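Okay, data-v7.tsv is below, TSV, C-alpha atoms and all ligand atoms:
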```tsv
chain	number	residue	atom	x	y	z
A	1	MET	CA	113.28	126.53	97.37
A	2	LEU	CA	111.58	125.67	100.61
A	3	VAL	CA	112.79	127.97	103.36
A	4	PRO	CA	112.90	126.32	106.78
A	5	ILE	CA	110.42	127.79	109.19
A	6	CYS	CA	111.72	129.19	112.41
A	7	ALA	CA	111.11	128.26	116.02
A	8	ARG	CA	107.94	128.65	118.08
A	9	GLY	CA	106.48	132.13	118.11
A	10	THR	CA	109.07	133.83	115.90
A	11	LEU	CA	109.11	134.47	112.19
A	12	ALA	CA	111.49	134.24	109.30
A	13	GLN	CA	112.10	137.77	108.06
A	14	GLU	CA	112.64	136.93	104.44
A	15	ALA	CA	109.87	136.11	102.00
A	16	LEU	CA	109.07	132.41	101.95
A	17	LEU	CA	108.92	130.49	98.73
A	18	VAL	CA	106.98	127.28	98.67
A	19	LEU	CA	106.11	124.81	95.97
A	20	GLY	CA	102.41	124.50	95.54
A	21	ARG	CA	99.67	123.24	93.27
A	22	ARG	CA	97.39	125.29	91.13
A	23	GLU	CA	94.32	123.06	90.97
A	24	SER	CA	92.44	120.78	93.34
A	25	PRO	CA	95.17	118.84	95.19
A	26	GLY	CA	94.46	115.15	95.21
A	27	CYS	CA	92.98	115.02	91.71
A	28	GLY	CA	96.24	113.78	90.25
A	29	LYS	CA	96.83	116.81	88.03
A	30	LEU	CA	99.61	118.54	89.86
A	31	GLU	CA	100.99	121.73	88.50
A	32	ALA	CA	103.95	123.21	90.31
A	33	MET	CA	103.82	126.87	91.12
A	34	ILE	CA	105.66	129.28	93.30
A	35	VAL	CA	103.81	131.08	96.07
A	36	THR	CA	105.48	133.97	97.80
A	37	LEU	CA	104.47	134.54	101.37
A	38	PRO	CA	104.78	138.12	102.56
A	39	SER	CA	107.35	139.07	105.14
A	40	LEU	CA	105.92	139.34	108.62
A	41	ASP	CA	107.01	141.44	111.54
A	42	PRO	CA	109.50	139.21	113.37
A	43	LYS	CA	108.29	140.59	116.72
A	44	LEU	CA	104.71	139.52	116.12
A	45	ASP	CA	103.49	137.06	118.77
A	46	LEU	CA	101.78	134.59	116.49
A	47	PHE	CA	99.91	132.82	119.27
A	48	ALA	CA	98.30	136.06	120.49
A	49	ALA	CA	97.73	137.31	116.92
A	50	ILE	CA	95.94	134.08	115.98
A	51	GLU	CA	93.70	134.35	119.06
A	52	ASP	CA	92.86	137.98	118.13
A	53	LEU	CA	92.03	137.00	114.56
A	54	LYS	CA	89.86	134.10	115.72
A	55	ARG	CA	87.79	136.57	117.74
A	56	GLU	CA	87.66	139.23	115.01
A	57	ARG	CA	86.73	136.79	112.27
A	58	ARG	CA	84.46	134.57	114.38
A	59	ALA	CA	86.72	131.73	113.31
A	60	VAL	CA	87.49	128.27	114.64
A	61	VAL	CA	90.72	126.42	114.05
A	62	LEU	CA	90.26	122.69	113.43
A	63	ALA	CA	93.51	120.73	113.54
A	64	HIS	CA	94.46	117.14	112.87
A	65	TYR	CA	96.77	115.27	115.24
A	66	TYR	CA	99.50	115.17	112.58
A	67	GLN	CA	99.94	118.95	112.67
A	68	ASP	CA	102.93	120.58	114.33
A	69	PRO	CA	102.55	120.92	118.12
A	70	ASP	CA	102.32	124.73	117.84
A	71	ILE	CA	99.29	124.42	115.58
A	72	GLN	CA	97.72	121.77	117.82
A	73	ASP	CA	98.11	124.18	120.74
A	74	VAL	CA	96.10	126.97	119.05
A	75	ALA	CA	93.34	124.66	117.80
A	76	ASP	CA	89.76	124.94	119.05
A	77	HIS	CA	89.07	121.35	117.98
A	78	LEU	CA	91.75	118.72	117.65
A	79	GLY	CA	90.87	115.30	116.35
A	80	ASP	CA	90.98	112.49	113.85
A	81	SER	CA	89.28	112.70	110.46
A	82	LEU	CA	85.86	111.72	111.83
A	83	ALA	CA	85.90	114.06	114.82
A	84	LEU	CA	87.01	116.96	112.63
A	85	ALA	CA	84.27	116.29	110.07
A	86	GLN	CA	81.72	116.20	112.90
A	87	ALA	CA	83.09	119.45	114.35
A	88	ALA	CA	83.02	121.12	110.92
A	89	ALA	CA	79.41	120.05	110.36
A	90	LYS	CA	78.14	121.58	113.57
A	91	THR	CA	80.22	124.73	114.09
A	92	ASP	CA	78.38	128.04	114.05
A	93	ALA	CA	81.58	130.02	113.52
A	94	GLU	CA	81.75	132.08	110.34
A	95	VAL	CA	85.21	130.89	109.32
A	96	ILE	CA	86.78	127.44	109.55
A	97	ALA	CA	90.58	127.49	109.38
A	98	PHE	CA	91.40	123.85	108.68
A	99	ALA	CA	94.89	122.84	109.77
A	100	GLY	CA	95.00	119.53	108.00
A	101	VAL	CA	95.10	118.43	104.38
A	102	HIS	CA	92.98	119.34	101.38
A	103	PHE	CA	90.47	116.48	101.53
A	104	MET	CA	89.71	117.35	105.17
A	105	ALA	CA	89.09	121.04	104.45
A	106	GLU	CA	87.07	120.07	101.38
A	107	THR	CA	84.93	117.76	103.53
A	108	ALA	CA	84.32	120.69	105.92
A	109	LYS	CA	83.17	122.87	103.01
A	110	ILE	CA	80.93	120.08	101.68
A	111	LEU	CA	79.30	119.72	105.10
A	112	ASN	CA	79.04	123.40	105.94
A	113	PRO	CA	78.98	125.38	102.67
A	114	GLY	CA	77.90	128.67	104.23
A	115	LYS	CA	81.24	129.01	106.02
A	116	VAL	CA	84.45	130.43	104.66
A	117	VAL	CA	86.85	127.46	104.79
A	118	VAL	CA	90.56	128.22	104.56
A	119	LEU	CA	93.47	125.79	104.35
A	120	PRO	CA	96.74	127.44	105.45
A	121	ASP	CA	98.64	125.86	102.55
A	122	LEU	CA	96.58	124.87	99.52
A	123	ALA	CA	99.36	122.50	98.47
A	124	ALA	CA	98.70	120.28	101.51
A	125	GLY	CA	97.34	117.32	99.56
A	126	CYS	CA	97.44	113.60	100.36
A	127	SER	CA	99.48	110.95	98.58
A	128	LEU	CA	96.77	108.38	99.30
A	129	ALA	CA	94.01	110.54	97.76
A	130	ASP	CA	96.33	111.08	94.77
A	131	THR	CA	96.32	107.33	94.04
A	132	CYS	CA	92.62	107.40	93.16
A	133	PRO	CA	91.61	109.59	90.21
A	134	ALA	CA	87.83	109.72	89.84
A	135	PRO	CA	87.73	108.55	86.17
A	136	GLU	CA	89.58	105.36	87.12
A	137	LEU	CA	87.23	104.67	90.01
A	138	ARG	CA	84.29	105.25	87.65
A	139	ALA	CA	85.75	102.62	85.29
A	140	LEU	CA	86.09	100.15	88.18
A	141	LYS	CA	82.48	100.80	89.21
A	142	GLU	CA	81.37	99.98	85.67
A	143	ARG	CA	83.05	96.57	86.00
A	144	TYR	CA	81.17	95.89	89.25
A	145	PRO	CA	77.83	97.68	88.77
A	146	ASP	CA	76.09	95.92	91.69
A	147	HIS	CA	78.81	96.66	94.24
A	148	VAL	CA	78.50	99.18	97.04
A	149	VAL	CA	81.34	101.72	96.80
A	150	VAL	CA	82.86	102.37	100.23
A	151	SER	CA	85.50	105.11	100.17
A	152	TYR	CA	87.92	106.13	102.86
A	153	ILE	CA	87.56	109.83	103.61
A	154	ASN	CA	91.12	110.36	102.27
A	155	CYS	CA	89.89	111.00	98.73
A	156	THR	CA	88.78	113.91	96.55
A	157	ALA	CA	85.26	115.32	96.36
A	158	GLU	CA	84.99	113.75	92.88
A	159	VAL	CA	85.70	110.29	94.33
A	160	LYS	CA	83.28	110.92	97.20
A	161	ALA	CA	80.63	111.83	94.63
A	162	LEU	CA	81.07	108.36	93.07
A	163	SER	CA	80.78	106.61	96.44
A	164	ASP	CA	77.82	105.17	98.32
A	165	VAL	CA	79.27	105.72	101.76
A	166	ILE	CA	82.40	107.31	103.23
A	167	VAL	CA	84.32	105.83	106.15
A	168	THR	CA	87.23	106.84	108.36
A	169	SER	CA	89.52	104.53	110.29
A	170	SER	CA	87.29	105.15	113.35
A	171	ASN	CA	84.08	103.81	111.85
A	172	ALA	CA	85.07	101.69	108.83
A	173	GLU	CA	84.52	98.30	110.48
A	174	ARG	CA	81.08	99.26	111.77
A	175	ILE	CA	79.98	100.69	108.43
A	176	VAL	CA	81.25	97.71	106.41
A	177	ARG	CA	79.37	95.38	108.79
A	178	SER	CA	76.18	97.38	108.17
A	179	ILE	CA	76.20	96.52	104.45
A	180	PRO	CA	73.94	93.53	103.65
A	181	ASP	CA	75.93	90.30	103.21
A	182	GLU	CA	74.67	89.70	99.70
A	183	ARG	CA	76.09	92.99	98.38
A	184	GLY	CA	79.57	93.09	96.90
A	185	ILE	CA	81.85	95.92	98.03
A	186	ILE	CA	84.46	98.06	96.28
A	187	PHE	CA	86.76	99.64	98.86
A	188	ALA	CA	88.91	102.62	97.86
A	189	PRO	CA	91.55	103.94	98.01
A	190	ASP	CA	93.61	102.43	100.88
A	191	ARG	CA	94.49	98.79	100.29
A	192	ASN	CA	95.98	98.34	103.77
A	193	LEU	CA	92.88	99.51	105.59
A	194	GLY	CA	90.85	97.45	103.09
A	195	ARG	CA	92.83	94.28	103.77
A	196	TYR	CA	92.53	94.86	107.51
A	197	LEU	CA	88.74	95.24	107.14
A	198	ILE	CA	88.52	92.01	105.14
A	199	GLN	CA	90.29	90.23	108.01
A	200	LYS	CA	88.10	91.82	110.67
A	201	THR	CA	84.72	91.43	108.98
A	202	GLY	CA	85.23	88.37	106.76
A	203	ARG	CA	83.74	90.39	103.89
A	204	ASP	CA	85.20	89.94	100.44
A	205	MET	CA	86.00	93.31	98.88
A	206	VAL	CA	87.45	94.59	95.62
A	207	LEU	CA	90.36	96.71	96.83
A	208	TRP	CA	91.72	99.83	95.20
A	209	GLN	CA	95.52	99.55	95.35
A	210	GLY	CA	96.34	102.86	97.02
A	211	SER	CA	98.49	103.46	100.08
A	212	CYS	CA	99.83	106.27	102.25
A	213	ILE	CA	103.50	107.21	101.81
A	214	VAL	CA	103.87	107.73	105.56
A	215	HIS	CA	102.30	104.54	106.87
A	216	GLU	CA	103.85	102.27	104.25
A	217	THR	CA	107.30	103.38	105.35
A	218	PHE	CA	107.22	101.61	108.73
A	219	SER	CA	109.13	98.36	108.84
A	220	ALA	CA	108.09	95.31	110.88
A	221	ARG	CA	111.77	94.28	111.07
A	222	ARG	CA	112.83	97.59	112.61
A	223	LEU	CA	109.88	97.53	115.00
A	224	GLN	CA	110.86	94.03	116.17
A	225	ALA	CA	114.42	95.25	116.75
A	226	LEU	CA	113.12	98.29	118.63
A	227	ARG	CA	110.95	96.06	120.82
A	228	LEU	CA	114.10	94.21	121.93
A	229	GLU	CA	115.52	97.56	123.09
A	230	HIS	CA	112.29	98.29	124.99
A	231	PRO	CA	111.17	95.03	126.62
A	232	GLY	CA	107.45	95.04	127.33
A	233	ALA	CA	106.73	97.82	124.85
A	234	LEU	CA	103.48	97.62	122.91
A	235	ILE	CA	103.31	98.38	119.20
A	236	LEU	CA	100.49	100.79	118.35
A	237	ALA	CA	99.68	100.91	114.63
A	238	HIS	CA	97.31	102.77	112.37
A	239	PRO	CA	95.43	100.48	109.93
A	240	GLU	CA	97.01	102.35	107.00
A	241	CYS	CA	100.25	100.46	107.88
A	242	GLU	CA	101.20	97.48	105.74
A	243	GLU	CA	100.24	93.92	106.68
A	244	PRO	CA	103.58	92.83	108.27
A	245	VAL	CA	103.39	95.79	110.67
A	246	LEU	CA	99.72	95.16	111.49
A	247	ALA	CA	100.53	91.46	112.04
A	248	ILE	CA	102.89	92.31	114.94
A	249	ALA	CA	100.91	95.25	116.32
A	250	ASP	CA	99.36	94.98	119.79
A	251	VAL	CA	96.80	97.72	119.21
A	252	ILE	CA	95.41	98.79	115.82
A	253	GLY	CA	93.25	101.88	115.51
A	254	SER	CA	92.63	105.36	114.23
A	255	THR	CA	94.73	108.18	115.65
A	256	ASN	CA	91.98	108.86	118.16
A	257	ALA	CA	91.79	105.21	119.23
A	258	LEU	CA	95.58	104.98	119.68
A	259	LEU	CA	95.57	108.17	121.73
A	260	LYS	CA	92.75	106.84	123.89
A	261	TYR	CA	94.63	103.59	124.47
A	262	VAL	CA	97.68	105.49	125.77
A	263	ALA	CA	95.48	107.78	127.92
A	264	ASP	CA	93.77	104.72	129.42
A	265	HIS	CA	97.11	102.92	130.08
A	266	PRO	CA	99.31	105.88	130.98
A	267	THR	CA	102.39	104.13	132.34
A	268	GLY	CA	103.22	101.89	129.37
A	269	THR	CA	105.97	101.99	126.78
A	270	TYR	CA	104.71	102.40	123.23
A	271	LEU	CA	106.25	102.09	119.79
A	272	VAL	CA	103.97	104.30	117.75
A	273	ALA	CA	103.51	103.35	114.10
A	274	THR	CA	101.69	106.38	112.80
A	275	GLU	CA	102.65	109.97	112.03
A	276	PRO	CA	104.62	111.29	115.02
A	277	GLY	CA	102.54	114.48	115.38
A	278	ILE	CA	100.21	112.36	117.56
A	279	LEU	CA	102.96	112.04	120.19
A	280	HIS	CA	102.30	115.62	121.32
A	281	GLN	CA	98.81	114.70	122.58
A	282	MET	CA	99.92	111.27	123.84
A	283	ALA	CA	102.60	112.93	125.97
A	284	LYS	CA	100.02	115.38	127.36
A	285	ALA	CA	97.51	112.60	128.10
A	286	ALA	CA	100.09	110.28	129.66
A	287	PRO	CA	103.18	112.19	130.86
A	288	GLN	CA	104.58	109.02	132.42
A	289	ALA	CA	104.35	106.89	129.28
A	290	THR	CA	107.45	106.18	127.21
A	291	LEU	CA	106.64	107.04	123.61
A	292	VAL	CA	108.91	105.95	120.79
A	293	PRO	CA	108.04	106.95	117.22
A	294	ALA	CA	108.34	104.00	114.82
A	295	PRO	CA	111.29	104.46	112.47
A	296	PRO	CA	111.06	104.24	108.68
A	297	ALA	CA	112.50	101.18	106.90
A	298	GLU	CA	116.29	100.99	106.51
A	299	GLY	CA	117.86	102.03	103.25
A	300	THR	CA	115.07	104.45	102.38
A	301	CYS	CA	115.10	108.21	102.40
A	302	ALA	CA	111.44	108.15	103.45
A	303	CYS	CA	110.53	110.02	106.60
A	304	ASN	CA	107.83	109.10	109.08
A	305	GLU	CA	106.40	112.65	109.00
A	306	CYS	CA	103.61	113.48	106.55
A	307	PRO	CA	105.10	116.04	104.14
A	308	HIS	CA	101.61	117.26	103.23
A	309	MET	CA	100.44	117.86	106.78
A	310	LYS	CA	103.70	119.56	107.63
A	311	LEU	CA	103.25	122.17	104.86
A	312	ASN	CA	100.97	124.02	107.26
A	313	THR	CA	102.83	126.28	109.67
A	314	LEU	CA	101.80	128.75	112.34
A	315	GLU	CA	102.77	131.60	109.99
A	316	LYS	CA	100.54	130.27	107.23
A	317	LEU	CA	97.69	129.69	109.68
A	318	TYR	CA	98.01	133.31	110.82
A	319	LEU	CA	98.00	134.55	107.21
A	320	SER	CA	95.02	132.39	106.29
A	321	LEU	CA	93.02	133.91	109.15
A	322	ARG	CA	94.22	137.43	108.38
A	323	ASP	CA	93.56	137.30	104.62
A	324	LEU	CA	90.82	134.63	104.56
A	325	THR	CA	92.69	132.81	101.85
A	326	PRO	CA	93.43	130.27	100.40
A	327	ARG	CA	89.77	129.29	100.37
A	328	ILE	CA	88.19	125.96	99.53
A	329	GLU	CA	85.46	126.32	96.92
A	330	LEU	CA	83.71	123.67	94.87
A	331	PRO	CA	80.86	123.55	92.36
A	332	GLU	CA	77.44	123.09	93.98
A	333	ASP	CA	76.51	119.98	91.96
A	334	LEU	CA	79.76	118.29	92.99
A	335	ARG	CA	79.26	119.36	96.62
A	336	LEU	CA	75.75	117.92	96.73
A	337	ALA	CA	76.87	114.64	95.16
A	338	ALA	CA	79.79	114.32	97.61
A	339	LEU	CA	77.59	115.30	100.57
A	340	LYS	CA	75.28	112.26	100.35
A	341	PRO	CA	77.85	109.55	101.19
A	342	ILE	CA	79.42	111.74	103.90
A	343	GLN	CA	76.02	112.27	105.51
A	344	ARG	CA	75.42	108.52	105.35
A	345	MET	CA	78.69	108.05	107.24
A	346	LEU	CA	77.73	110.60	109.90
A	347	GLU	CA	74.33	108.94	110.37
A	348	LEU	CA	75.96	105.52	110.76
A	349	SER	CA	78.50	106.94	113.26
A	350	ARG	CA	76.00	108.30	115.79
B	1	LIG	P1	92.68	109.36	111.20
B	1	LIG	O1	93.16	110.55	111.95
B	1	LIG	O2	91.26	109.47	110.85
B	1	LIG	O3	93.03	108.12	111.92
B	1	LIG	O4	93.46	109.35	109.79
B	1	LIG	C1	94.82	109.28	109.69
B	1	LIG	C2	95.33	109.91	108.47
B	1	LIG	O5	96.16	109.40	107.77
B	1	LIG	C3	94.82	111.20	108.12
B	1	LIG	O6	95.33	111.58	106.91
B	2	LIG	FE1	97.58	111.35	103.31
B	2	LIG	FE2	99.16	109.66	104.61
B	2	LIG	FE3	99.52	112.25	104.93
B	2	LIG	FE4	97.34	111.07	105.97
B	2	LIG	S1	99.45	110.71	106.57
B	2	LIG	S2	97.42	112.98	104.82
B	2	LIG	S3	96.95	109.49	104.42
B	2	LIG	S4	99.78	111.10	103.02
```
For this file, write the structure as structure tokens.
Ligand code: 13P
Ligand code: SF4
Amino acid sequence: MLVPICARGTLAQEALLVLGRRESPGCGKLEAMIVTLPSLDPKLDLFAAIEDLKRERRAVVLAHYYQDPDIQDVADHLGDSLALAQAAAKTDAEVIAFAGVHFMAETAKILNPGKVVVLPDLAAGCSLADTCPAPELRALKERYPDHVVVSYINCTAEVKALSDVIVTSSNAERIVRSIPDERGIIFAPDRNLGRYLIQKTGRDMVLWQGSCIVHETFSARRLQALRLEHPGALILAHPECEEPVLAIADVIGSTNALLKYVADHPTGTYLVATEPGILHQMAKAAPQATLVPAPPAEGTCACNECPHMKLNTLEKLYLSLRDLTPRIELPEDLRLAALKPIQRMLELSR
């Protein structure tokens, strides 16, 4: 049973039961388990308590734009995957509480192994990372031994360890262009970002056929209909969206790039085809803009919210800072192997 979490700043009194995973989320071996969260004092002011714990623990909270607004509001660093990896690499805090998904927290631990890295809900995986088990990528590499393996950061440490360079949606085009023309490229795991990069760079690439359950749910047909209701509206889309959506989009970019576009053009009307958590920052950056979250396709029970990201709550963030658990740990040989392609990405992103 998943107990609904209560409103801002208050707490459910009963114990919370959540479905979780026992082993490395994203590796494809999911094992359901029940985690019982302790009851918390309903009068506790979570916002103040989190600030106190941050000071006591010498902790920073890093949060992705897809987190709940409450979590975004207590974050020390808010950003897209690249900005959060950069922040994790350079923080001198002793604890990193990563309000995002497992591969993001794992990347923080890979980059900054001396820190305690906690993820408020260890079950916060990523459906895209789940599409790419490392043994299958290894088999593909064996078929194309001369190819450079470029992996989107939304993948496990094991997949990173098999990769030559990591990219995010902020730097993928630049990094692909930096690869010598004569080299073949395997791109994993997001086929939509991969196809978009092929169009942008003209590079032929062997694409892993993974996709994100959130971004593949947006429908070009429904966006067209919505545009008729909002004449003059621009469609903003993340490159993880499918081709028909990208084909009608006015602006394509990472979460950070889409946010920047709205901040730079603050009076527009925008149909936003990415996870709606980003609307919280867009509304702050451009209070006069009209922001409409893109709807999921008709006839599907899919939702445009990321169910993994939304597993994190303010209560779980508080508990992770209080108890310094659940922690991200990984074997040193795996960490070192995964570090190399991430460092290459950071060098190419300067
Ligand atoms: P960015 O924030 O890097 O654009 O990534 C989006 C995403 O899907 C994260 O899981
Ligand atoms: Fe993974 Fe998609 Fe959720 Fe991002 S939005 S964490 S890619 S499932």
Could you build a table of the residues in chain A lying no more than 6 Å from ligand LIG 2 (chain B), giving for each the nearest pair of atoms and their separation in Å rounded to one decimal place, using only C-alpha atoms and all ligand atoms, ordered by chain and ascending residue number, as a Markdown table?
```
| residue | atom | partner | partner_atom | distance |
| --- | --- | --- | --- | --- |
| A:Val101 | CA | B:LIG2 | S2 | 5.9 |
| A:Cys126 | CA | B:LIG2 | FE1 | 3.7 |
| A:Ser127 | CA | B:LIG2 | S4 | 4.5 |
| A:Leu128 | CA | B:LIG2 | FE1 | 5.1 |
| A:Cys212 | CA | B:LIG2 | FE2 | 4.2 |
| A:Ile213 | CA | B:LIG2 | S4 | 5.5 |
| A:Val214 | CA | B:LIG2 | FE2 | 5.2 |
| A:Cys306 | CA | B:LIG2 | FE3 | 4.6 |
| A:His308 | CA | B:LIG2 | FE3 | 5.7 |
| A:Met309 | CA | B:LIG2 | FE3 | 6.0 |
```
*Have a look at A:Leu246, A:Val149, A:Ile179, A:Cys155 and name the one nearest to A:Gln199; count all atoms listed in the file.*
A:Leu246
*Report the distance between atom CA of A:Ala172 and atom CA of A:Asp204 in Å, rounded to one decimal place.*
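Interatomic distance, atom CA of A:Ala172 to atom CA of A:Asp204: 14.4 Å.
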Counting all atoms listed in the file, what are the residues of stretch 189-224 of chain A within 12 Å of stretch 252-262 of chain A, and for each of them which pair of atoms is the nearest and at what distance in Å, to one decimal? Sort the table by chain and rising number, as JSON lines.
```
{"residue": "A:Leu193", "atom": "CA", "partner": "A:Gly253", "partner_atom": "CA", "distance": 10.2}
{"residue": "A:Tyr196", "atom": "CA", "partner": "A:Ile252", "partner_atom": "CA", "distance": 9.6}
{"residue": "A:Leu197", "atom": "CA", "partner": "A:Ile252", "partner_atom": "CA", "distance": 11.5}
{"residue": "A:Lys200", "atom": "CA", "partner": "A:Ile252", "partner_atom": "CA", "distance": 11.3}
```
_Residues contacting ligand LIG 1 (chain B) - anything with an atom at most 7 Å away, using only C-alpha atoms and all ligand atoms - can you give me those as number ranges by chain?_
A: 64-65, 79-82, 154, 168-170, 238, 254-256
*Atomic separation - atom CA of A:Glu275 relative to atom CA of A:Pro296, Å*: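 Spanning atom CA of A:Pro296 to atom CA of A:Glu275 is a straight-line distance of 10.7 Å.
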*Which residues, written as a PyMOL selection string, have at least one atom at most 7 Å from A:Leu119, with all atoms listed in the file counted and residues fewer than 5 positions away on the same chain left out?*
chain A and resi 97-99+105+326-327
*In Å, how far is it from atom CA of A:Glu94 to atom CA of A:Leu122?*
19.7 Å
_Could you list, as an MDAnalysis selection string, every residue within 10 Å of A:Arg195, counting only C-alpha atoms and ignoring same-chain residues fewer than 6 positions away?_
chainID A and resid 187 203:207 239:240 242:243
